[in-house]
>>> print(open('run_33.txt').read())   # compact mmCIF, C-alpha atoms
# COMPACT_ATOMS: atom_id res chain seq x y z
CA MET D 233 133.21 -40.75 -64.28
CA LYS D 234 135.46 -38.99 -66.72
CA MET D 235 134.24 -37.19 -69.71
CA GLY D 236 136.62 -36.22 -72.50
CA THR D 237 137.76 -32.80 -71.47
CA ASP D 238 138.91 -29.93 -73.57
CA ALA D 239 142.19 -29.93 -71.72
CA GLU D 240 143.06 -33.55 -72.36
CA THR D 241 145.09 -33.11 -75.49
CA SER D 242 146.52 -29.75 -74.76
CA PRO D 243 150.23 -29.47 -75.09
CA ALA D 244 152.20 -28.72 -71.95
CA GLN D 245 151.91 -25.02 -71.32
CA PRO D 246 153.06 -22.86 -68.48
CA GLU D 247 150.40 -22.09 -65.87
CA GLU D 248 148.75 -18.88 -66.81
CA HIS D 249 148.14 -16.50 -63.96
CA VAL D 250 144.47 -15.65 -63.57
CA PRO D 251 144.14 -11.94 -62.91
CA GLU D 252 143.14 -10.97 -59.40
CA TYR D 253 139.99 -9.15 -60.53
CA LEU D 254 138.67 -12.36 -62.15
CA GLU D 255 139.52 -14.64 -59.26
CA HIS D 256 138.11 -12.87 -56.21
CA SER D 257 135.31 -10.73 -57.54
CA ALA D 258 132.35 -10.04 -55.26
CA TRP D 259 130.17 -8.98 -58.16
CA PRO D 260 128.60 -12.40 -58.93
CA VAL D 261 127.33 -12.68 -55.35
CA LEU D 262 126.16 -9.04 -55.31
CA ILE D 263 124.33 -9.41 -58.62
CA ALA D 264 122.72 -12.66 -57.48
CA LEU D 265 121.50 -11.01 -54.27
CA ALA D 266 120.29 -7.95 -56.17
CA THR D 267 118.39 -10.20 -58.60
CA GLY D 268 116.64 -11.88 -55.68
CA VAL D 269 115.74 -8.48 -54.22
CA ALA D 270 114.51 -7.27 -57.63
CA LEU D 271 112.29 -10.34 -58.09
CA THR D 272 110.81 -9.78 -54.64
CA GLY D 273 110.22 -6.13 -55.60
CA LEU D 274 108.58 -7.25 -58.84
CA PHE D 275 106.29 -9.52 -56.84
CA PHE D 276 105.33 -6.60 -54.57
CA LEU D 277 104.60 -4.42 -57.60
CA PHE D 278 102.53 -7.02 -59.43
CA LYS D 279 100.51 -7.81 -56.33
CA HIS D 280 100.11 -4.10 -55.47
CA LEU D 281 101.39 -4.83 -51.97
CA VAL D 282 104.04 -2.27 -51.01
CA LEU D 283 104.53 -0.13 -54.06
CA LEU D 284 107.30 2.07 -52.64
CA ALA D 285 109.34 -0.87 -51.33
CA GLY D 286 108.83 -2.71 -54.62
CA THR D 287 110.06 0.27 -56.61
CA LEU D 288 113.08 0.74 -54.32
CA MET D 289 113.98 -2.93 -54.62
CA MET D 290 113.85 -2.72 -58.40
CA LEU D 291 115.96 0.43 -58.31
CA SER D 292 118.54 -1.23 -56.05
CA PHE D 293 119.02 -3.90 -58.69
CA GLY D 294 119.56 -1.20 -61.30
CA ALA D 295 122.07 0.51 -59.00
CA VAL D 296 124.07 -2.70 -58.55
CA LEU D 297 124.05 -3.27 -62.29
CA VAL D 298 125.25 0.28 -63.01
CA GLY D 299 127.95 -0.09 -60.34
CA PHE D 300 129.09 -3.35 -61.90
CA LEU D 301 129.24 -1.92 -65.40
CA TYR D 302 131.03 1.22 -64.19
CA SER D 303 133.72 -0.59 -62.21
CA GLU D 304 134.23 -3.61 -64.43
CA THR D 305 134.02 -2.44 -68.02
CA LYS D 306 137.51 -0.97 -67.80
CA ASN D 307 138.85 -4.51 -67.22
CA TRP D 308 136.95 -6.14 -70.05
CA ALA D 309 139.35 -5.20 -72.80
CA SER D 310 142.31 -6.78 -71.02
CA ALA D 311 140.25 -9.81 -69.93
CA VAL D 312 139.12 -10.47 -73.50
CA SER D 313 142.59 -9.94 -74.91
CA LYS D 314 144.01 -12.42 -72.35
CA SER D 315 141.25 -14.98 -72.98
CA LEU D 316 141.24 -14.92 -76.77
CA PRO D 317 144.66 -16.55 -77.23
CA ARG D 318 143.38 -19.42 -75.08
CA LEU D 319 140.75 -20.29 -77.68
CA PRO D 320 142.16 -22.95 -79.98
CA ARG D 321 142.07 -22.18 -83.67
CA ASP D 322 143.06 -25.55 -85.08
CA THR D 323 143.29 -29.15 -83.96
CA ILE D 324 146.09 -28.33 -81.53
CA LEU D 325 144.14 -27.36 -78.50
CA GLY D 326 144.62 -24.85 -75.81
CA PRO D 327 143.56 -25.48 -72.21
CA PHE D 328 139.95 -25.08 -71.25
CA PRO D 329 139.72 -23.10 -68.02
CA VAL D 330 137.18 -25.32 -66.22
CA ASP D 331 136.47 -29.02 -65.80
CA ILE D 332 133.61 -29.37 -68.24
CA SER D 333 132.26 -32.61 -66.76
CA LEU D 334 131.97 -31.12 -63.29
CA THR D 335 130.37 -28.03 -64.80
CA ILE D 336 127.68 -29.99 -66.59
CA GLN D 337 126.96 -32.04 -63.46
CA ILE D 338 126.42 -28.84 -61.49
CA ILE D 339 124.24 -27.42 -64.27
CA ILE D 340 122.12 -30.58 -64.40
CA LEU D 341 121.76 -30.51 -60.61
CA THR D 342 120.54 -26.90 -60.64
CA GLU D 343 118.16 -27.71 -63.48
CA LEU D 344 116.85 -30.68 -61.50
CA LEU D 345 116.15 -28.34 -58.59
CA LEU D 346 114.41 -25.85 -60.88
CA PHE D 347 112.20 -28.40 -62.60
CA GLY D 348 111.71 -30.32 -59.34
CA GLY D 349 110.28 -27.12 -57.85
CA ALA D 350 108.15 -26.49 -60.93
CA PHE D 351 106.70 -30.00 -60.96
CA GLY D 352 106.27 -29.82 -57.18
CA MET D 353 104.15 -26.71 -57.72
CA TYR D 354 102.15 -28.53 -60.40
CA PHE D 355 101.38 -31.49 -58.15
CA ALA D 356 100.62 -29.22 -55.18
CA ILE D 357 98.01 -27.41 -57.28
CA ARG D 358 96.73 -30.66 -58.72
CA LEU D 359 96.11 -32.11 -55.28
CA GLN D 360 93.77 -29.21 -54.47
CA PHE D 361 91.28 -30.46 -57.06
CA PRO D 362 89.10 -33.55 -56.77
CA PHE D 363 89.48 -34.06 -60.53
CA TRP D 364 92.35 -33.07 -62.76
CA PRO D 365 92.36 -31.28 -65.07
CA PRO D 366 89.59 -29.11 -63.58
CA ALA D 367 86.19 -29.14 -65.23
CA GLY D 368 86.05 -26.91 -68.28
CA THR D 369 89.66 -27.50 -69.25
CA PRO D 370 89.91 -28.18 -72.98
CA ILE D 371 91.34 -31.47 -74.17
CA LEU D 372 94.50 -30.44 -75.94
CA ASP D 373 95.25 -31.68 -79.40
CA ASP D 374 98.60 -33.43 -79.08
CA PHE D 375 99.51 -33.48 -82.77
CA ILE D 376 102.23 -30.81 -82.51
CA ALA D 377 103.40 -32.24 -79.16
CA ARG D 378 103.88 -35.64 -80.80
CA ILE D 379 105.94 -34.06 -83.58
CA GLN D 380 107.99 -32.24 -80.94
CA THR D 381 108.57 -35.54 -79.13
CA LEU D 382 109.67 -37.15 -82.37
CA VAL D 383 111.99 -34.20 -83.05
CA LEU D 384 113.61 -34.53 -79.62
CA ILE D 385 114.03 -38.31 -79.87
CA SER D 386 115.58 -37.95 -83.34
CA SER D 387 117.92 -35.22 -82.16
CA SER D 388 119.00 -37.24 -79.10
CA VAL D 389 119.76 -40.28 -81.25
CA LEU D 390 121.54 -38.11 -83.82
CA VAL D 391 123.78 -36.38 -81.29
CA GLU D 392 124.72 -39.74 -79.73
CA TRP D 393 125.61 -40.97 -83.18
CA ALA D 394 127.62 -37.79 -83.84
CA VAL D 395 129.63 -38.22 -80.60
CA TRP D 396 130.20 -41.89 -81.46
CA GLN D 397 131.53 -40.86 -84.89
CA LEU D 398 133.75 -38.20 -83.33
CA LYS D 399 135.28 -40.74 -80.94
CA ARG D 400 136.23 -42.78 -84.00
CA GLY D 401 137.78 -39.80 -85.71
CA ARG D 402 135.16 -39.48 -88.44
CA GLN D 403 134.99 -35.71 -88.61
CA ARG D 404 132.65 -35.37 -91.59
CA ALA D 405 130.04 -37.68 -90.10
CA PHE D 406 130.40 -35.89 -86.76
CA LYS D 407 129.85 -32.48 -88.34
CA ALA D 408 126.84 -33.75 -90.29
CA GLY D 409 125.38 -35.24 -87.10
CA ILE D 410 125.91 -32.17 -84.98
CA VAL D 411 124.47 -29.81 -87.63
CA GLY D 412 121.50 -32.15 -88.05
CA THR D 413 120.97 -32.05 -84.29
CA THR D 414 121.00 -28.26 -84.33
CA ILE D 415 118.46 -28.14 -87.14
CA LEU D 416 116.17 -30.64 -85.40
CA GLY D 417 116.63 -28.86 -82.09
CA SER D 418 115.68 -25.49 -83.58
CA LEU D 419 112.49 -27.03 -84.98
CA PHE D 420 111.24 -27.59 -81.44
CA PRO D 421 110.93 -23.92 -80.34
CA ILE D 422 109.66 -22.99 -83.80
CA LEU D 423 106.82 -25.50 -83.36
CA GLN D 424 106.16 -24.39 -79.80
CA PHE D 425 106.42 -20.62 -79.99
CA GLY D 426 105.54 -20.27 -83.67
CA PHE D 427 102.61 -22.66 -83.99
CA GLU D 428 101.26 -24.19 -80.82
CA TRP D 429 101.22 -21.22 -78.45
CA PRO D 430 99.76 -18.78 -81.02
CA HIS D 431 97.18 -21.42 -81.99
CA LEU D 432 96.12 -21.93 -78.37
CA ILE D 433 96.16 -18.26 -77.35
CA LEU D 434 94.80 -16.55 -80.48
CA ASN D 435 91.96 -19.04 -80.84
CA ASN D 436 91.25 -18.66 -77.11
CA ILE D 437 91.53 -22.42 -76.60
CA LEU D 438 93.89 -22.15 -73.65
CA THR D 439 95.55 -19.00 -72.29
CA PRO D 440 97.69 -18.30 -69.23
CA ALA D 441 94.57 -16.70 -67.72
CA SER D 442 92.30 -19.69 -68.28
CA GLY D 443 92.50 -21.22 -64.83
CA PHE D 444 95.13 -23.22 -63.03
CA PHE D 445 95.69 -25.66 -65.85
CA GLY D 446 96.35 -22.87 -68.35
CA ALA D 447 98.70 -21.08 -65.97
CA THR D 448 100.74 -24.21 -65.17
CA PHE D 449 100.72 -25.29 -68.80
CA PHE D 450 102.25 -22.06 -70.08
CA LEU D 451 104.62 -21.75 -67.13
CA LEU D 452 106.05 -25.27 -67.42
CA THR D 453 106.17 -25.44 -71.21
CA GLY D 454 107.60 -21.90 -71.26
CA ILE D 455 110.43 -22.75 -68.85
CA HIS D 456 111.15 -25.89 -70.82
CA GLY D 457 111.03 -24.03 -74.14
CA ALA D 458 113.55 -21.50 -72.83
CA HIS D 459 115.87 -24.38 -71.95
CA VAL D 460 115.50 -25.83 -75.42
CA VAL D 461 116.47 -22.45 -76.89
CA ALA D 462 119.54 -22.44 -74.62
CA GLY D 463 120.40 -25.93 -75.87
CA VAL D 464 120.09 -24.82 -79.49
CA ILE D 465 122.41 -21.87 -78.78
CA ALA D 466 124.91 -24.32 -77.24
CA TYR D 467 124.70 -26.46 -80.36
CA VAL D 468 125.24 -23.49 -82.67
CA TYR D 469 128.41 -22.74 -80.67
CA THR D 470 129.39 -26.42 -80.89
CA ASP D 471 128.84 -26.33 -84.66
CA ILE D 472 131.09 -23.30 -85.03
CA ARG D 473 133.86 -24.98 -83.03
CA ALA D 474 133.36 -28.22 -84.95
CA PHE D 475 133.89 -26.46 -88.26
CA MET D 476 136.96 -24.76 -86.83
CA GLY D 477 138.32 -28.28 -86.26
CA GLN D 478 138.44 -27.96 -82.50
CA TYR D 479 137.17 -31.42 -81.61
CA SER D 480 139.00 -34.70 -81.89
CA PRO D 481 138.57 -38.27 -80.59
CA LYS D 482 140.31 -37.24 -77.36
CA ASN D 483 138.82 -33.81 -77.16
CA HIS D 484 135.07 -33.80 -77.07
CA GLY D 485 134.26 -32.51 -73.61
CA PHE D 486 132.06 -29.66 -74.73
CA VAL D 487 130.21 -31.82 -77.26
CA GLU D 488 129.39 -34.38 -74.58
CA ALA D 489 128.46 -31.66 -72.11
CA SER D 490 126.02 -30.07 -74.54
CA SER D 491 124.59 -33.46 -75.49
CA THR D 492 124.11 -34.34 -71.80
CA TYR D 493 122.23 -31.07 -71.30
CA TRP D 494 120.15 -31.80 -74.39
CA HIS D 495 119.24 -35.28 -73.15
CA PHE D 496 118.19 -33.80 -69.83
CA VAL D 497 115.91 -31.31 -71.57
CA HIS D 498 114.51 -34.26 -73.51
CA ILE D 499 113.61 -36.18 -70.33
CA ILE D 500 111.83 -33.14 -68.92
CA TRP D 501 109.82 -32.91 -72.12
CA LEU D 502 108.69 -36.53 -71.77
CA VAL D 503 107.36 -35.78 -68.29
CA LEU D 504 105.63 -32.63 -69.59
CA PHE D 505 104.12 -34.54 -72.49
CA ALA D 506 102.75 -37.16 -70.10
CA LEU D 507 101.33 -34.61 -67.67
CA MET D 508 100.11 -31.82 -69.92
CA TRP D 509 98.84 -33.54 -73.02
CA GLN D 510 98.09 -37.12 -72.09
CA GLY D 511 97.08 -36.13 -68.56
CA SER D 512 94.67 -33.51 -69.89
CA ARG D 513 92.84 -36.18 -71.87
CA LEU D 514 91.70 -38.05 -68.81
CA LEU D 515 88.66 -35.91 -68.22
CA GLY D 516 87.40 -36.42 -71.74
CA MET N 95 126.30 -45.77 -64.86
CA LYS N 96 128.66 -43.13 -66.23
CA LEU N 97 127.64 -39.66 -67.35
CA GLU N 98 128.61 -40.72 -70.88
CA ASP N 99 125.82 -43.33 -70.71
CA PHE N 100 123.23 -40.63 -70.05
CA GLY N 101 122.34 -40.42 -73.75
CA ARG N 102 121.50 -44.12 -74.02
CA PHE N 103 119.54 -43.91 -70.78
CA VAL N 104 117.43 -41.04 -72.14
CA ILE N 105 116.92 -42.66 -75.54
CA PHE N 106 115.52 -45.80 -73.88
CA THR N 107 113.36 -43.68 -71.58
CA ALA N 108 112.00 -41.94 -74.66
CA ILE N 109 111.44 -45.18 -76.54
CA TYR N 110 109.26 -46.52 -73.77
CA ALA N 111 107.49 -43.31 -72.73
CA ALA N 112 106.92 -41.90 -76.21
CA GLY N 113 106.24 -45.36 -77.63
CA THR N 114 103.49 -45.83 -75.06
CA LEU N 115 102.05 -42.31 -74.88
CA GLY N 116 102.69 -40.95 -78.35
CA LEU N 117 102.04 -44.00 -80.49
CA PRO N 118 98.93 -46.14 -80.54
CA LYS N 119 99.22 -49.80 -79.58
CA ILE N 120 99.63 -52.08 -82.57
CA PRO N 121 96.57 -54.28 -83.01
CA LEU N 122 97.49 -57.87 -83.81
CA PHE N 123 94.38 -60.07 -84.13
CA ALA N 124 92.61 -59.48 -80.80
CA TYR N 125 95.76 -58.32 -79.02
CA GLN N 126 97.26 -54.89 -78.41
CA ILE N 127 101.01 -54.75 -78.67
CA LYS N 128 102.74 -52.08 -76.62
CA ILE N 129 105.63 -50.65 -78.63
CA GLY N 130 107.65 -49.71 -75.56
CA GLU N 131 107.92 -53.36 -74.48
CA MET N 132 109.66 -54.28 -77.71
CA ALA N 133 112.85 -52.57 -76.57
CA SER N 134 113.28 -54.92 -73.58
CA ALA N 135 115.55 -57.43 -75.34
CA PHE N 136 117.99 -54.65 -76.26
CA VAL N 137 118.95 -54.44 -72.61
CA ALA N 138 121.29 -57.32 -73.45
CA ILE N 139 123.24 -54.99 -75.78
CA PHE N 140 122.96 -51.63 -74.08
CA GLY N 141 123.22 -52.74 -70.46
CA MET N 142 122.28 -50.82 -67.33
CA PRO N 143 121.51 -47.48 -69.08
CA ALA N 144 118.76 -49.33 -70.97
CA VAL N 145 117.52 -50.99 -67.76
CA PHE N 146 117.20 -47.66 -65.96
CA GLY N 147 115.91 -45.92 -69.08
CA LEU N 148 113.08 -48.37 -69.71
CA THR N 149 112.13 -48.33 -66.04
CA LEU N 150 111.95 -44.53 -65.96
CA GLY N 151 110.11 -44.60 -69.29
CA GLN N 152 107.45 -46.81 -67.77
CA PHE N 153 107.17 -44.51 -64.77
CA ILE N 154 106.69 -41.48 -67.04
CA ALA N 155 104.20 -43.35 -69.24
CA ASN N 156 102.18 -44.18 -66.13
CA LEU N 157 101.98 -40.46 -65.29
CA GLY N 158 99.95 -39.92 -68.43
CA VAL N 159 97.35 -42.62 -67.95
CA GLU N 160 94.53 -42.91 -65.52
CA ALA N 161 95.57 -45.71 -63.23
CA SER N 162 95.15 -46.71 -59.63
CA PRO N 163 97.98 -45.70 -57.26
CA ILE N 164 99.05 -49.35 -57.07
CA ALA N 165 99.91 -49.17 -60.79
CA SER N 166 102.82 -46.92 -59.86
CA LEU N 167 104.55 -50.09 -58.62
CA SER N 168 104.66 -51.46 -62.17
CA PRO N 169 108.10 -50.01 -62.98
CA LEU N 170 109.52 -51.94 -60.03
CA PHE N 171 108.49 -55.29 -61.52
CA SER N 172 109.73 -54.24 -64.94
CA PHE N 173 113.02 -53.24 -63.38
CA ILE N 174 113.45 -56.70 -61.84
CA GLY N 175 112.59 -58.34 -65.16
CA LEU N 176 114.99 -56.10 -67.08
CA LEU N 177 117.76 -56.83 -64.60
CA ILE N 178 117.23 -60.54 -65.25
CA ILE N 179 117.57 -59.95 -69.01
CA HIS N 180 120.74 -57.98 -68.36
CA TYR N 181 122.36 -60.63 -66.18
CA ALA N 182 121.04 -63.58 -68.21
CA ARG N 183 122.56 -62.22 -71.44
CA LYS N 184 125.79 -64.19 -70.87
CA PHE N 185 124.06 -67.54 -71.29
CA SER N 186 120.67 -66.81 -72.89
CA THR N 187 118.96 -63.54 -73.69
CA LEU N 188 115.86 -65.50 -74.69
CA ALA N 189 115.64 -67.04 -71.21
CA GLY N 190 115.93 -63.55 -69.73
CA CYS N 191 113.15 -62.29 -72.00
CA VAL N 192 110.90 -65.20 -70.99
CA ALA N 193 111.57 -64.43 -67.32
CA TYR N 194 110.71 -60.77 -68.01
CA VAL N 195 107.43 -61.76 -69.66
CA ILE N 196 106.51 -64.03 -66.73
CA ILE N 197 107.30 -61.43 -64.05
CA THR N 198 105.54 -58.52 -65.75
CA SER N 199 102.56 -60.64 -66.80
CA LEU N 200 102.05 -61.97 -63.30
CA TRP N 201 102.06 -58.42 -61.99
CA LEU N 202 99.60 -57.28 -64.68
CA THR N 203 97.37 -60.27 -63.90
CA PHE N 204 97.20 -59.01 -60.35
CA LEU N 205 96.85 -55.34 -61.33
CA LEU N 206 94.37 -55.34 -64.21
CA PRO N 207 91.37 -56.70 -62.23
CA ILE N 208 91.95 -53.89 -59.67
CA SER N 209 92.52 -51.06 -62.14
CA SER N 210 90.25 -52.09 -65.00
CA GLY N 211 87.74 -54.35 -63.33
CA ILE N 212 88.22 -57.24 -65.73
CA SER N 213 88.18 -60.85 -64.52
CA LEU N 214 91.36 -62.55 -63.34
CA THR N 215 91.30 -65.11 -66.15
CA GLU N 216 90.80 -62.45 -68.78
CA ALA N 217 93.59 -60.36 -67.25
CA ALA N 218 96.01 -63.29 -67.16
CA TYR N 219 95.20 -64.28 -70.72
CA SER N 220 95.58 -60.79 -72.19
CA ALA N 221 98.65 -59.87 -70.09
CA PHE N 222 100.63 -62.98 -71.01
CA ILE N 223 99.79 -62.89 -74.72
CA ASP N 224 100.31 -59.11 -75.12
CA GLN N 225 103.61 -59.13 -73.24
CA PHE N 226 104.83 -62.28 -74.94
CA ILE N 227 104.18 -61.03 -78.49
CA ALA N 228 105.75 -57.61 -77.83
CA VAL N 229 108.88 -59.00 -76.18
CA ILE N 230 109.35 -61.74 -78.78
CA ILE N 231 109.09 -59.21 -81.63
CA GLY N 232 111.76 -57.20 -79.81
CA TYR N 233 113.85 -60.32 -79.34
CA CYS N 234 113.72 -61.08 -83.08
CA ALA N 235 114.90 -57.52 -83.78
CA TYR N 236 117.66 -58.02 -81.21
CA VAL N 237 118.84 -61.24 -82.91
CA LEU N 238 118.83 -59.43 -86.25
CA VAL N 239 120.93 -56.58 -84.85
CA CYS N 240 123.36 -59.03 -83.21
CA LYS N 241 123.84 -60.92 -86.47
CA THR N 242 124.39 -57.68 -88.39
CA MET N 243 126.94 -56.50 -85.82
CA LEU N 244 128.70 -59.87 -85.92
CA SER N 245 128.92 -59.94 -89.70
CA LYS N 246 130.22 -56.36 -89.73
CA ALA N 247 132.85 -57.24 -87.14
CA GLN N 248 133.91 -60.26 -89.16
CA ALA N 249 134.11 -58.19 -92.34
CA ALA N 250 136.24 -55.64 -90.53
CA SER N 251 138.63 -58.29 -89.19
CA ASN N 252 139.02 -59.87 -92.66
>>> encode(input="run_33.txt", output="structure tokens")
Amino acid sequence: MKMGTDAETSPAQPEEHVPEYLEHSAWPVLIALATGVALTGLFFLFKHLVLLAGTLMMLSFGAVLVGFLYSETKNWASAVSKSLPRLPRDTILGPFPVDISLTIQIIILTELLLFGGAFGMYFAIRLQFPFWPPAGTPILDDFIARIQTLVLISSSVLVEWAVWQLKRGRQRAFKAGIVGTTILGSLFPILQFGFEWPHLILNNILTPASGFFGATFFLLTGIHGAHVVAGVIAYVYTDIRAFMGQYSPKNHGFVEASSTYWHFVHIIWLVLFALMWQGSRLLG
Amino acid sequence: MKLEDFGRFVIFTAIYAAGTLGLPKIPLFAYQIKIGEMASAFVAIFGMPAVFGLTLGQFIANLGVEASPIASLSPLFSFIGLLIIHYARKFSTLAGCVAYVIITSLWLTFLLPISSGISLTEAAYSAFIDQFIAVIIGYCAYVLVCKTMLSKAQAASN
């Protein structure tokens, strides 16, 4: 597998030395550990288990964060100034520091683990009930969910078309396609967080507190919605680079990476749609 | 399947899953035509991503309907049928589509009496007709697309 990478068309350039402080930093590991400790502390606090330990765990995360900011901010100016010239400003491209195809494969794998865990939780809860959804669960109106599905299908088709146009060197069609994808993509969270959730919660139809179905519904659709927002942000960035003329038939690694991520988010939505909306109709 | 094919794979998954869950079946006389099945013939154009996509689409669509556990085997039979369309495309896509209809209909004839309680004859009758109409409509669309692509290619070469 080889995706078009951002480095493919770069002119021969001397190897740039990566500063020591960027290459062997312990901060990512420390921050990751501290985040885990903080989440455990948060759990303790919410469950009123060990309040002192919970507070200390939260504080330790804050301490790590302060330490990171204190020791690292002095390097940021030089890091940014060294990185900025790497960003291409026209169709002649500079090297991209990482293999984008490997990156997106790792991202998709981690997302698979995240959603695999989330769906595992859903099925584990579901198996505890003789009937699912449990008695008393409202049958959800799937009108907005159907529109969201249509929006995602349209955006997936449009981004494929945009990449296809880019590979043939049709820049205008590519830009139109990628902007259209961004607009369609941004419709999804607007429908979810602007219409559906307020409708369900404010009318007391389904809330996170209304039983296991409500809790899993808001958790799963919330995680998915956050991923859609991340995808839209990636597309906005792609749009900006597209209008700066940074993509070409041989240089479309980031476009393909963001479209792969988008397609993945789309598949997750299909599973959610089947389980949460269609699945919730079974009782009725 | 390459990572670049992921988009096609997802689009076909969506066509089947959303076409089955999100859209009502099309009533044609006494028959109910499943929209997702119409995409089967396009396997001949889009290859293995479409085969995997439609199979996963069927799996996802089955998650949303009340069905017996044995129904979860349905994607397996579809997968075999779709593979036949894919490999038969070199000599006859139509033959592949007919093979797909036969395989999936035989499976549904076995499944429907278990899951829905209808008689074997009724199940066979409805499965064959429903599948046949859906796949043939898809095949006609496939022929249309092929002819359009061919004429465009000819125009480009002239």
>>> interface_residues(input="run_33.txt", of="chain N", to="chain D", cutoff="7 Å", atoms="all atoms listed in the file", output="PyMOL selection string")
chain N and resi 96-98+100-101+104-105+108+111+116+154-155+157-160
>>> atom_distance(input="run_33.txt", atom1="atom CA of N:Gly130", atom2="atom CA of N:Gly113")
5.0 Å
>>> atom_distance(input="run_33.txt", atom1="atom CA of N:Pro163", atom2="atom CA of N:Thr203")
16.0 Å
>>> axis_aligned_box(input="run_33.txt", around="stretch 340-343 of chain D", padding_each_side="8 Å", output="JSON")
{"center_x": 120.1, "center_y": -28.7, "center_z": -62.5, "size_x": 20.0, "size_y": 19.7, "size_z": 19.8}
>>> atom_distance(input="run_33.txt", atom1="atom CA of D:Phe347", atom2="atom CA of D:Val383")
21.3 Å
>>> residues_around(input="run_33.txt", residues="D:Thr453", least_positions_apart="2", cutoff="9 Å", atoms="only C-alpha atoms", output="count of residues only")
12
>>> residues_around(input="run_33.txt", residues="N:Glu216", least_positions_apart="6", cutoff="12 Å", atoms="only C-alpha atoms", output="list in words")
Leu202, Thr203, Phe204, Leu205, Leu206, Pro207, Ser210, Phe222, Ile223 and Asp224 of chain N
